[in-house]
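The data block below is final.txt; it holds compact mmCIF, C-alpha atoms.
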# COMPACT_ATOMS: atom_id res chain seq x y z
CA MET D 1 14.00 5.65 -15.54
CA ALA D 2 10.90 6.84 -13.67
CA GLU D 3 10.94 6.70 -9.88
CA ARG D 4 7.75 5.26 -8.39
CA THR D 5 6.88 4.99 -4.71
CA LEU D 6 6.22 1.28 -4.40
CA GLY D 7 5.85 -0.99 -1.40
CA TRP D 8 4.45 1.25 1.34
CA ILE D 9 0.71 1.96 1.04
CA GLN D 10 -1.16 4.47 3.19
CA ASN D 11 -4.53 5.27 1.64
CA PRO D 12 -6.35 2.72 -0.58
CA SER D 13 -8.55 0.24 1.29
CA ASN D 14 -11.45 -0.80 -0.97
CA THR D 15 -10.57 -4.27 -2.23
CA LYS D 16 -13.54 -4.38 -4.63
CA THR D 17 -12.16 -1.29 -6.37
CA LEU D 18 -8.73 -2.93 -6.32
CA ARG D 19 -10.17 -5.89 -8.23
CA ASN D 20 -11.71 -3.51 -10.77
CA ILE D 21 -8.29 -1.94 -11.33
CA VAL D 22 -6.72 -5.34 -11.94
CA SER D 23 -9.62 -6.28 -14.26
CA ILE D 24 -8.64 -3.43 -16.57
CA PHE D 25 -5.82 -5.63 -17.87
CA ASN D 26 -8.30 -8.21 -19.14
CA PRO D 27 -10.04 -6.90 -22.30
CA ASP D 28 -12.78 -9.50 -21.88
CA SER D 29 -13.62 -8.66 -18.26
CA GLN D 30 -17.04 -7.39 -17.27
CA PHE D 31 -15.47 -4.28 -15.76
CA THR D 32 -13.50 -3.41 -18.92
CA ASP D 33 -16.76 -3.72 -20.86
CA PHE D 34 -18.36 -1.33 -18.35
CA LEU D 35 -15.52 1.16 -18.78
CA LEU D 36 -15.64 1.04 -22.59
CA ASN D 37 -19.39 1.14 -23.04
CA THR D 38 -20.72 3.02 -20.02
CA ARG D 39 -18.26 4.93 -17.84
CA ILE D 40 -15.93 6.50 -20.44
CA PRO D 41 -18.79 7.50 -22.82
CA PHE D 42 -20.56 9.12 -19.84
CA ILE D 43 -17.46 11.09 -18.84
CA ARG D 44 -17.09 12.11 -22.48
CA SER D 45 -20.71 13.32 -22.54
CA LEU D 46 -19.90 15.56 -19.57
CA GLY D 47 -17.00 17.08 -21.47
CA LYS D 48 -14.64 15.86 -18.76
CA LEU D 49 -12.10 13.83 -20.77
CA HIS D 50 -8.69 15.50 -20.68
CA ASP D 51 -7.87 15.00 -24.37
CA GLU D 52 -10.30 13.33 -26.79
CA GLU D 53 -7.62 12.08 -29.20
CA GLU D 54 -5.46 10.77 -26.36
CA TRP D 55 -8.46 8.93 -24.95
CA ASP D 56 -9.03 7.24 -28.31
CA THR D 57 -5.55 5.75 -27.85
CA TYR D 58 -6.43 4.70 -24.29
CA ILE D 59 -9.59 2.98 -25.51
CA GLU D 60 -7.69 1.00 -28.13
CA ARG D 61 -5.22 -0.10 -25.45
CA LEU D 62 -8.11 -1.24 -23.21
CA LYS D 63 -9.47 -3.33 -26.05
CA SER D 64 -6.12 -5.04 -26.56
CA GLY D 65 -5.25 -5.66 -22.90
CA LEU D 66 -1.52 -5.38 -23.55
CA ARG D 67 1.11 -3.84 -21.27
CA PHE D 68 0.05 -0.34 -20.20
CA PRO D 69 2.31 2.70 -19.73
CA TYR D 70 2.19 3.77 -16.08
CA ASN D 71 1.10 7.33 -16.88
CA MET D 72 -1.70 6.11 -19.14
CA LEU D 73 -3.12 4.33 -16.11
CA LYS D 74 -2.45 7.01 -13.49
CA GLY D 75 -3.16 10.06 -15.62
CA LYS D 76 -2.05 13.64 -15.05
CA GLY D 77 -2.40 16.00 -12.14
CA ALA D 78 -4.44 19.17 -12.01
CA GLY D 79 -1.67 21.23 -13.62
CA GLY D 80 -1.70 23.85 -10.89
CA GLY D 81 -5.49 24.07 -10.83
CA SER D 82 -8.03 22.51 -8.50
CA ARG D 83 -7.75 18.72 -8.21
CA ALA D 84 -11.54 18.51 -7.79
CA ASP D 85 -12.14 20.29 -11.12
CA ALA D 86 -9.41 18.58 -13.15
CA PRO D 87 -10.64 16.54 -16.15
CA CYS D 88 -10.21 12.76 -16.34
CA SER D 89 -6.78 11.99 -17.78
CA GLY D 90 -6.05 8.34 -16.87
CA ILE D 91 -7.71 4.96 -17.25
CA ILE D 92 -7.65 4.22 -13.51
CA GLN D 93 -9.12 7.65 -12.81
CA ALA D 94 -12.10 6.60 -14.92
CA ALA D 95 -12.30 3.28 -13.04
CA ILE D 96 -12.87 4.90 -9.63
CA GLU D 97 -16.06 6.79 -8.83
CA ALA D 98 -15.23 9.74 -6.58
CA GLN D 99 -16.97 10.48 -3.29
CA LYS D 100 -17.50 14.11 -4.29
CA TYR D 101 -20.22 15.64 -6.42
CA LEU D 102 -20.06 18.06 -9.33
CA ASN D 103 -22.55 20.38 -10.98
CA PHE D 104 -23.38 19.27 -14.51
CA SER D 105 -25.11 21.84 -16.66
CA THR D 106 -27.86 20.47 -18.89
CA ASP D 107 -30.08 22.50 -21.15
CA PRO D 108 -31.54 24.46 -19.43
CA PRO D 109 -31.23 23.31 -15.75
CA SER D 110 -28.17 22.36 -13.69
CA GLU D 111 -27.95 18.89 -12.18
CA ARG D 112 -25.77 17.75 -9.25
CA ILE D 113 -24.28 14.30 -9.85
CA LYS D 114 -21.68 12.08 -8.24
CA LYS D 115 -18.32 12.65 -9.89
CA PRO D 116 -17.77 9.59 -12.15
CA TYR D 117 -13.97 9.62 -11.94
CA SER D 118 -11.19 10.25 -9.43
CA ASP D 119 -7.91 12.19 -9.46
CA ASP D 120 -4.37 11.10 -10.29
CA TRP D 121 -3.38 10.85 -6.61
CA THR D 122 -6.14 8.34 -5.87
CA ALA D 123 -5.46 6.42 -9.10
CA ASP D 124 -1.76 6.23 -8.31
CA GLY D 125 -2.49 4.89 -4.82
CA PHE D 126 -4.58 2.00 -6.15
CA LEU D 127 -2.06 1.20 -8.89
CA ARG D 128 0.83 1.11 -6.40
CA TRP D 129 -1.27 -1.11 -4.12
CA ALA D 130 -1.93 -3.58 -6.94
CA ILE D 131 1.76 -3.63 -7.86
CA SER D 132 2.94 -4.00 -4.26
CA LEU D 133 0.64 -6.99 -3.65
CA GLY D 134 1.81 -8.76 -6.80
CA PHE D 135 -1.37 -8.46 -8.87
CA ILE D 136 0.35 -6.19 -11.38
CA ASP D 137 3.92 -6.49 -12.63
CA TYR D 138 5.87 -3.25 -12.97
CA ASP D 139 8.82 -2.91 -15.36
CA ALA D 140 11.00 -0.03 -14.17
CA GLU D 141 13.03 0.06 -17.38
CA THR D 142 10.01 0.77 -19.57
CA ASP D 143 7.75 2.26 -16.86
CA THR D 144 4.97 -0.09 -17.91
CA CYS D 145 2.56 -2.47 -16.18
CA SER D 146 1.06 -5.86 -16.99
CA VAL D 147 -1.11 -8.34 -15.09
CA THR D 148 0.36 -11.34 -13.26
CA ASP D 149 -1.10 -14.83 -12.93
CA LEU D 150 -2.18 -13.95 -9.40
CA GLY D 151 -3.82 -10.80 -10.76
CA ILE D 152 -5.76 -12.78 -13.36
CA ARG D 153 -7.06 -15.11 -10.65
CA PHE D 154 -8.02 -12.12 -8.48
CA SER D 155 -9.85 -10.36 -11.31
CA GLU D 156 -11.87 -13.51 -12.03
CA ALA D 157 -12.77 -14.29 -8.39
CA THR D 158 -16.53 -14.09 -7.86
CA GLU D 159 -17.17 -16.05 -4.67
CA THR D 160 -16.37 -14.36 -1.35
CA ASP D 161 -14.21 -17.21 -0.07
CA GLU D 162 -12.18 -17.32 -3.29
CA PHE D 163 -11.81 -13.54 -3.27
CA ASN D 164 -10.57 -13.51 0.35
CA ASN D 165 -8.26 -16.49 -0.18
CA ILE D 166 -6.52 -14.77 -3.09
CA LEU D 167 -6.20 -11.55 -1.09
CA GLY D 168 -4.69 -13.55 1.75
CA GLU D 169 -2.20 -15.15 -0.61
CA ALA D 170 -1.20 -11.69 -1.84
CA TYR D 171 -0.81 -10.36 1.71
CA LEU D 172 1.56 -13.22 2.54
CA HIS D 173 3.76 -12.10 -0.36
CA TYR D 174 3.70 -8.54 1.04
CA PRO D 175 6.36 -8.14 3.80
CA PRO D 176 4.71 -5.35 5.87
CA ALA D 177 1.53 -7.44 6.26
CA CYS D 178 3.64 -10.32 7.53
CA ARG D 179 5.40 -7.98 9.95
CA VAL D 180 2.07 -6.80 11.36
CA LEU D 181 0.90 -10.40 11.79
CA ASN D 182 4.15 -11.30 13.55
CA LEU D 183 3.85 -8.38 15.95
CA LEU D 184 0.25 -9.32 16.76
CA LEU D 185 1.31 -12.92 17.27
CA GLU D 186 3.88 -11.78 19.84
CA GLY D 187 1.96 -8.90 21.41
CA ASN D 188 -1.66 -10.05 21.48
CA GLN D 189 -3.74 -6.81 21.44
CA LEU D 190 -1.85 -3.84 19.98
CA THR D 191 -2.76 -0.29 18.98
CA LYS D 192 -1.58 1.24 15.71
CA PHE D 193 1.12 3.11 17.66
CA GLU D 194 2.40 -0.06 19.31
CA ILE D 195 2.64 -1.65 15.87
CA GLY D 196 3.92 1.44 14.07
CA ARG D 197 6.95 1.96 16.27
CA HIS D 198 8.23 -1.48 15.20
CA LEU D 199 7.35 -1.19 11.51
CA GLY D 200 9.90 -0.23 8.84
CA PHE D 201 13.32 1.37 9.17
CA THR D 202 12.31 3.06 12.39
CA THR D 203 15.30 5.39 12.77
CA GLU D 204 14.68 7.10 9.41
CA ALA D 205 12.42 9.82 8.06
CA GLY D 206 9.43 8.18 6.41
CA PHE D 207 8.95 5.67 9.25
CA THR D 208 7.69 7.83 12.09
CA SER D 209 5.44 6.81 14.97
CA PHE D 210 3.57 9.26 17.18
CA PRO D 211 4.27 8.67 20.91
CA GLN D 212 1.26 6.87 22.34
CA ASN D 213 1.61 8.52 25.75
CA LEU D 214 1.30 11.99 24.19
CA PHE D 215 -1.66 10.84 22.11
CA VAL D 216 -3.47 9.54 25.20
CA GLN D 217 -2.66 12.75 27.08
CA ALA D 218 -4.08 14.85 24.23
CA ILE D 219 -7.27 12.76 24.08
CA VAL D 220 -7.91 12.96 27.82
CA GLU D 221 -7.08 16.67 28.21
CA ASN D 222 -8.95 17.80 25.08
CA PRO D 223 -12.20 15.81 24.85
CA GLU D 224 -13.89 18.55 22.81
CA ILE D 225 -11.50 17.94 19.88
CA LYS D 226 -11.08 14.20 20.41
CA ASN D 227 -12.09 13.28 16.85
CA THR D 228 -9.70 15.85 15.37
CA ILE D 229 -6.84 14.43 17.43
CA LYS D 230 -7.68 10.90 16.34
CA SER D 231 -7.66 11.96 12.68
CA ASN D 232 -4.45 13.96 12.72
CA TYR D 233 -2.09 12.59 15.37
CA GLU D 234 -0.27 9.68 13.73
CA GLY D 235 3.09 9.00 12.12
CA SER D 236 3.75 7.40 8.74
CA SER D 237 4.31 3.95 10.22
CA ASP D 238 1.19 4.29 12.40
CA LYS D 239 -0.83 4.93 9.26
CA TYR D 240 0.74 1.93 7.49
CA ALA D 241 -0.17 -0.19 10.52
CA ARG D 242 -3.76 1.05 10.58
CA MET D 243 -4.27 0.45 6.85
CA ILE D 244 -2.74 -3.04 6.88
CA CYS D 245 -4.78 -4.06 9.93
CA GLY D 246 -7.89 -2.90 8.07
CA TRP D 247 -7.04 -5.15 5.12
CA LEU D 248 -6.42 -8.11 7.42
CA CYS D 249 -9.64 -7.49 9.36
CA GLU D 250 -11.61 -7.71 6.12
CA ILE D 251 -10.45 -11.28 5.46
CA GLY D 252 -10.83 -12.41 9.09
CA TRP D 253 -7.17 -12.69 10.00
CA VAL D 254 -7.29 -9.78 12.47
CA VAL D 255 -10.07 -8.29 14.63
CA LYS D 256 -10.42 -4.76 16.01
CA SER D 257 -11.64 -4.01 19.52
CA GLY D 258 -11.30 -1.45 22.29
CA LYS D 259 -8.30 -1.56 24.62
CA LYS D 260 -7.92 0.23 27.94
CA VAL D 261 -4.63 2.09 27.85
CA THR D 262 -2.85 3.85 30.72
CA GLU D 263 0.11 6.09 29.91
CA ILE D 264 2.31 8.55 31.76
CA ALA D 265 3.03 11.97 30.22
CA GLY D 266 4.47 15.01 31.94
CA GLY D 267 4.59 13.16 35.23
CA ARG D 268 0.84 12.46 35.20
CA GLU D 269 -1.11 9.28 34.52
CA TYR D 270 -3.79 9.21 31.81
CA THR D 271 -6.25 6.43 30.95
CA THR D 272 -8.53 6.02 27.93
CA PHE D 273 -9.73 3.44 25.43
CA LEU D 274 -8.03 3.10 22.03
CA ASP D 275 -8.73 0.93 19.01
CA ALA D 276 -6.50 -2.13 19.08
CA PHE D 277 -5.96 -5.20 16.92
CA SER D 278 -5.62 -8.92 17.67
CA ILE D 279 -4.71 -11.84 15.44
CA THR D 280 -7.35 -14.57 14.93
CA ALA D 281 -6.85 -18.32 14.83
CA ILE D 282 -6.90 -18.33 11.02
CA GLY D 283 -4.50 -15.37 10.92
CA ARG D 284 -2.12 -17.24 13.20
CA LYS D 285 -2.35 -20.36 11.04
CA GLU D 286 -1.74 -18.49 7.78
CA PHE D 287 1.20 -16.51 9.16
CA LYS D 288 2.88 -19.68 10.45
CA ARG D 289 2.39 -21.16 7.00
CA SER D 290 3.95 -18.12 5.34
CA ILE D 291 7.26 -18.54 7.22
CA GLY D 292 7.47 -22.28 6.63
CA ALA D 293 6.68 -23.22 10.22
CA SER D 294 4.86 -26.35 9.03
CA SER D 295 5.59 -28.79 6.21
CA VAL D 296 4.62 -26.10 3.67
CA ARG D 297 7.52 -24.23 2.10
CA GLN D 298 8.07 -20.55 2.85
CA ILE D 299 6.16 -18.06 0.72
CA PRO D 300 8.52 -15.74 -1.18
CA LYS D 301 8.22 -12.02 -0.50
CA ILE D 302 7.90 -9.17 -3.02
CA VAL D 303 10.46 -6.49 -2.18
CA TYR D 304 10.68 -3.37 -4.32
CA LEU D 305 13.80 -1.24 -4.12
CA GLU D 306 11.70 1.74 -3.01
CA MET D 307 10.63 -0.14 0.13
CA LEU D 308 14.17 -0.03 1.47
CA SER D 309 14.13 3.72 2.14
CA THR D 310 11.48 6.36 1.52
CA LYS D 311 12.17 9.93 2.64
CA SER D 312 15.79 9.84 3.85
CA GLU D 313 18.03 12.38 2.13
CA ASP D 314 20.43 9.61 1.12
CA ARG D 315 17.66 7.13 0.25
CA ASN D 316 19.15 6.14 -3.11
CA TYR D 317 22.40 5.13 -1.41
CA LEU D 318 20.56 3.30 1.36
CA ARG D 319 18.37 1.46 -1.13
CA ARG D 320 21.36 0.25 -3.14
CA ARG D 321 23.29 -0.81 -0.05
CA ARG D 322 20.36 -2.68 1.45
CA ALA D 323 19.50 -4.32 -1.84
CA GLU D 324 23.09 -5.52 -2.10
CA ILE D 325 22.94 -6.98 1.41
CA LEU D 326 19.65 -8.76 0.71
CA SER D 327 20.98 -10.24 -2.50
CA TYR D 328 24.14 -11.44 -0.72
CA ILE D 329 22.47 -13.04 2.30
CA GLN D 330 19.50 -14.63 0.55
CA GLY D 331 19.66 -18.38 1.10
CA HIS D 332 22.99 -18.19 2.98
CA PHE D 333 24.33 -17.66 6.48
CA ARG D 334 26.79 -14.74 6.41
CA THR D 335 28.86 -13.20 9.20
CA ASP D 336 29.08 -9.45 9.73
CA ASP D 337 32.66 -9.47 8.46
CA GLU D 338 31.61 -11.32 5.30
CA ILE D 339 28.87 -8.79 4.64
CA ILE D 340 31.21 -5.85 5.25
CA SER D 341 33.82 -7.37 2.94
CA HIS D 342 31.24 -7.99 0.23
CA LEU D 343 29.92 -4.44 0.45
CA LYS D 344 33.48 -3.10 0.23
CA SER D 345 33.98 -5.04 -3.01
CA LYS D 346 30.89 -3.27 -4.36
CA GLY D 347 32.07 0.19 -3.37
CA PHE D 348 30.29 0.54 -0.01
CA LYS D 349 32.33 1.34 3.09
CA GLU D 350 30.28 0.50 6.16
CA ASP D 351 30.97 -0.74 9.69
CA GLY D 352 29.18 -3.40 11.70
CA SER D 353 26.74 -0.94 13.31
CA ALA D 354 25.29 0.07 9.93
CA ILE D 355 24.94 -3.59 8.95
CA ALA D 356 23.18 -4.42 12.23
CA GLU D 357 20.81 -1.49 11.71
CA ASP D 358 19.96 -2.70 8.21
CA LEU D 359 19.32 -6.24 9.44
CA ARG D 360 16.95 -4.94 12.13
CA GLY D 361 15.23 -2.89 9.45
CA PHE D 362 14.75 -5.95 7.24
CA VAL D 363 13.01 -7.72 10.10
CA ASN D 364 10.87 -4.63 10.72
CA ILE D 365 9.64 -4.50 7.12
CA GLY D 366 8.59 -8.15 7.36
CA LEU D 367 11.45 -10.23 6.02
CA ASN D 368 12.37 -13.50 7.73
CA ILE D 369 15.99 -12.81 8.69
CA GLN D 370 17.73 -15.24 11.04

Would you kindly transcribe this structure into structure tokens?
Amino acid sequence: MAERTLGWIQNPSNTKTLRNIVSIFNPDSQFTDFLLNTRIPFIRSLGKLHDEEEWDTYIERLKSGLRFPYNMLKGKGAGGGSRADAPCSGIIQAAIEAQKYLNFSTDPPSERIKKPYSDDWTADGFLRWAISLGFIDYDAETDTCSVTDLGIRFSEATETDEFNNILGEAYLHYPPACRVLNLLLEGNQLTKFEIGRHLGFTTEAGFTSFPQNLFVQAIVENPEIKNTIKSNYEGSSDKYARMICGWLCEIGWVVKSGKKVTEIAGGREYTTFLDAFSITAIGRKEFKRSIGASSVRQIPKIVYLEMLSTKSEDRNYLRRRRAEILSYIQGHFRTDDEIISHLKSKGFKEDGSAIAEDLRGFVNIGLNIQ
């Protein structure tokens, strides 16, 4: 069984490209037609397809729109070579125009053109994003992907309001987005650090947050490299927070503005302005709806096993234990002793402190735990 990193997304942000990726699963979509008749033939003309015979198989799969093997979509890596020079080896790679340029030799001159495909890392990021939001269904047993009903609706959305409404529906199924909305609801205007330190299983590797006081100190004391500091000083959870807030800003649920921040570091006081995020009226309304605060029923959350631990050395154990707890408590009130007893019957020997830590973690990833 392949192990995929699902649930926590750091890099993709272009929702129009996301829709193109989902459209691949519809053989009659305008974008699939573009891939088959324009983009792939162009990449072929450049001599940049990884394997001509393999791509003939990919093309037949695109025409059928059936379930796709994960690696057929993601493609291969550079094989030890330069990622920028690697040929196109996956369908999603062909679906994403790169930001870089390449030199294409014609006869006789050389022409500089925008690279018409991306790399496997970028393709994988968009595929994991589509899966995590519920547009694409992933079968771990077969390592294959297929489109969901929500994904079909998203791929067919043409009007801006419809497009944003479907995105919003997907975000309400995605626990970390709900966690960010909840934190903004409680904290008004928050920086990515103030969100990040309360996002995920915060005591574990893979859910780090850079101390805001040290960030502010570095900005104030080193104005000549301010942009470098802003680009490089952030933890994993800070980056998750920044990306999610960007998604929510796009659909009008969150707004970004400047915030005056004063911090103490090394016994000195430092003040600067940082980007911060606030929830809007519509964001507040939609979040309340998602947790069943009105007459509307709660919106179920998509939780992949991989979300329950990322980089911890014992992540497989932690994932299984946490999945067992979630399964046991879903829809029921359980005491600590009942949870401990249940885990023991499943081969886990844990005390109340571990259970309490897991429950706090579930809240921090965006699940509605009472």

Name all residues at most 12 Å from D:Lys256 (count only C-alpha atoms; drop same-chain ones fewer than 6 positions away) and give them as a ChimeraX atom specification. /D:184,188-192,242,245-250,274-280

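Residue nearest D:Trp129 within the list D:Arg19, D:Lys346, D:Arg320, D:Arg39: D:Arg19 [criterion: smallest interatomic distance, all atoms listed in the file].
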
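Between D:Asp139 and the residues D:Leu343, D:Ala2, D:Ala78, D:Cys88, the shortest atom-to-atom distance, using all atoms listed in the file, involves D:Ala2.
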
For stretch 173-281 of chain D against stretch 159-169 of chain D, with a cut-off of 12 Å and counting only C-alpha atoms, what is the closest atom pair and its distance in Å to one decimal for every residue that makes the cut, ordered by chain and number, as CSV?
residue,atom,partner,partner_atom,distance
D:His173,CA,D:Glu169,CA,6.7
D:Tyr174,CA,D:Glu169,CA,9.0
D:Pro175,CA,D:Glu169,CA,11.9
D:Ala177,CA,D:Gly168,CA,9.8
D:Cys178,CA,D:Gly168,CA,10.6
D:Leu181,CA,D:Gly168,CA,11.9
D:Ile244,CA,D:Gly168,CA,11.9
D:Trp247,CA,D:Leu167,CA,9.0
D:Leu248,CA,D:Gly168,CA,8.0
D:Cys249,CA,D:Asn164,CA,10.9
D:Glu250,CA,D:Asn164,CA,8.2
D:Ile251,CA,D:Asn164,CA,5.6
D:Gly252,CA,D:Asn164,CA,8.8
D:Trp253,CA,D:Gly168,CA,8.7
D:Val254,CA,D:Gly168,CA,11.7

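For the pair atom CA of D:Asp149 and atom CA of D:Ile136, the interatomic distance is 8.9 Å.
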
Excluding D:Gly77 and any residue of its chain fewer than 3 positions from it, enumerate the residues within 12 Å of it, using all atoms listed in the file, and give them as a compact mmCIF listing (two decimals) with C-alpha atoms, in the coordinates of the input.
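To be explicit, this is the file written out as selection23.txt:
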# COMPACT_ATOMS: atom_id res chain seq x y z
CA HIS D 50 -8.69 15.50 -20.68
CA ASN D 71 1.10 7.33 -16.88
CA LYS D 74 -2.45 7.01 -13.49
CA GLY D 80 -1.70 23.85 -10.89
CA GLY D 81 -5.49 24.07 -10.83
CA SER D 82 -8.03 22.51 -8.50
CA ARG D 83 -7.75 18.72 -8.21
CA ALA D 84 -11.54 18.51 -7.79
CA ASP D 85 -12.14 20.29 -11.12
CA ALA D 86 -9.41 18.58 -13.15
CA PRO D 87 -10.64 16.54 -16.15
CA CYS D 88 -10.21 12.76 -16.34
CA SER D 89 -6.78 11.99 -17.78
CA GLY D 90 -6.05 8.34 -16.87
CA GLN D 93 -9.12 7.65 -12.81
CA SER D 118 -11.19 10.25 -9.43
CA ASP D 119 -7.91 12.19 -9.46
CA ASP D 120 -4.37 11.10 -10.29
CA TRP D 121 -3.38 10.85 -6.61
CA THR D 122 -6.14 8.34 -5.87
CA ALA D 123 -5.46 6.42 -9.10
CA ASP D 124 -1.76 6.23 -8.31

Need to verify the contact set: D:Val303, 10 Å, all atoms listed in the file, exclusion of same-chain residues closer than 2 positions in sequence. Can you return it as a VMD selection string? chain D and resid 6 to 7 132 to 133 173 to 176 300 to 301 305 to 308 323 326 365 to 367

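Residues with any atom within 12 Å of the point (17.1, 8.0, -6.8), counting only C-alpha atoms, are D:Met1, D:Ala2, D:Glu3, D:Arg4, D:Thr5, D:Leu305, D:Glu306, D:Leu308, D:Ser309, D:Thr310, D:Lys311, D:Ser312, D:Glu313, D:Asp314, D:Arg315, D:Asn316, D:Tyr317, D:Leu318, D:Arg319, D:Arg320.
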
Which residues are close to D:Lys230, i.e. within 10 Å by all atoms listed in the file, leaving aside same-chain residues fewer than 6 positions away? Reply as a VMD selection string. chain D and resid 215 to 216 218 to 219 274

Could you please give me, as a PDB file with C-alpha atoms, in the coordinates of the input, the residues of protein, DNA or RNA lying at most 7 Å from (27.1, -11.4, -0.7) in the coordinate frame of the file, considering all atoms listed in the file?
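The result, stored in point.pdb:
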ATOM      1  CA  ILE D 325      22.940  -6.980   1.410  1.00  0.00           C
ATOM      2  CA  SER D 327      20.980 -10.240  -2.500  1.00  0.00           C
ATOM      3  CA  TYR D 328      24.140 -11.440  -0.720  1.00  0.00           C
ATOM      4  CA  ILE D 329      22.470 -13.040   2.300  1.00  0.00           C
ATOM      5  CA  ILE D 339      28.870  -8.790   4.640  1.00  0.00           C
ATOM      6  CA  HIS D 342      31.240  -7.990   0.230  1.00  0.00           C
TER       7      HIS D 342
END

Do you have the atom CA of D:Cys145-atom CA of D:Asp33 distance handy? 19.9 Å
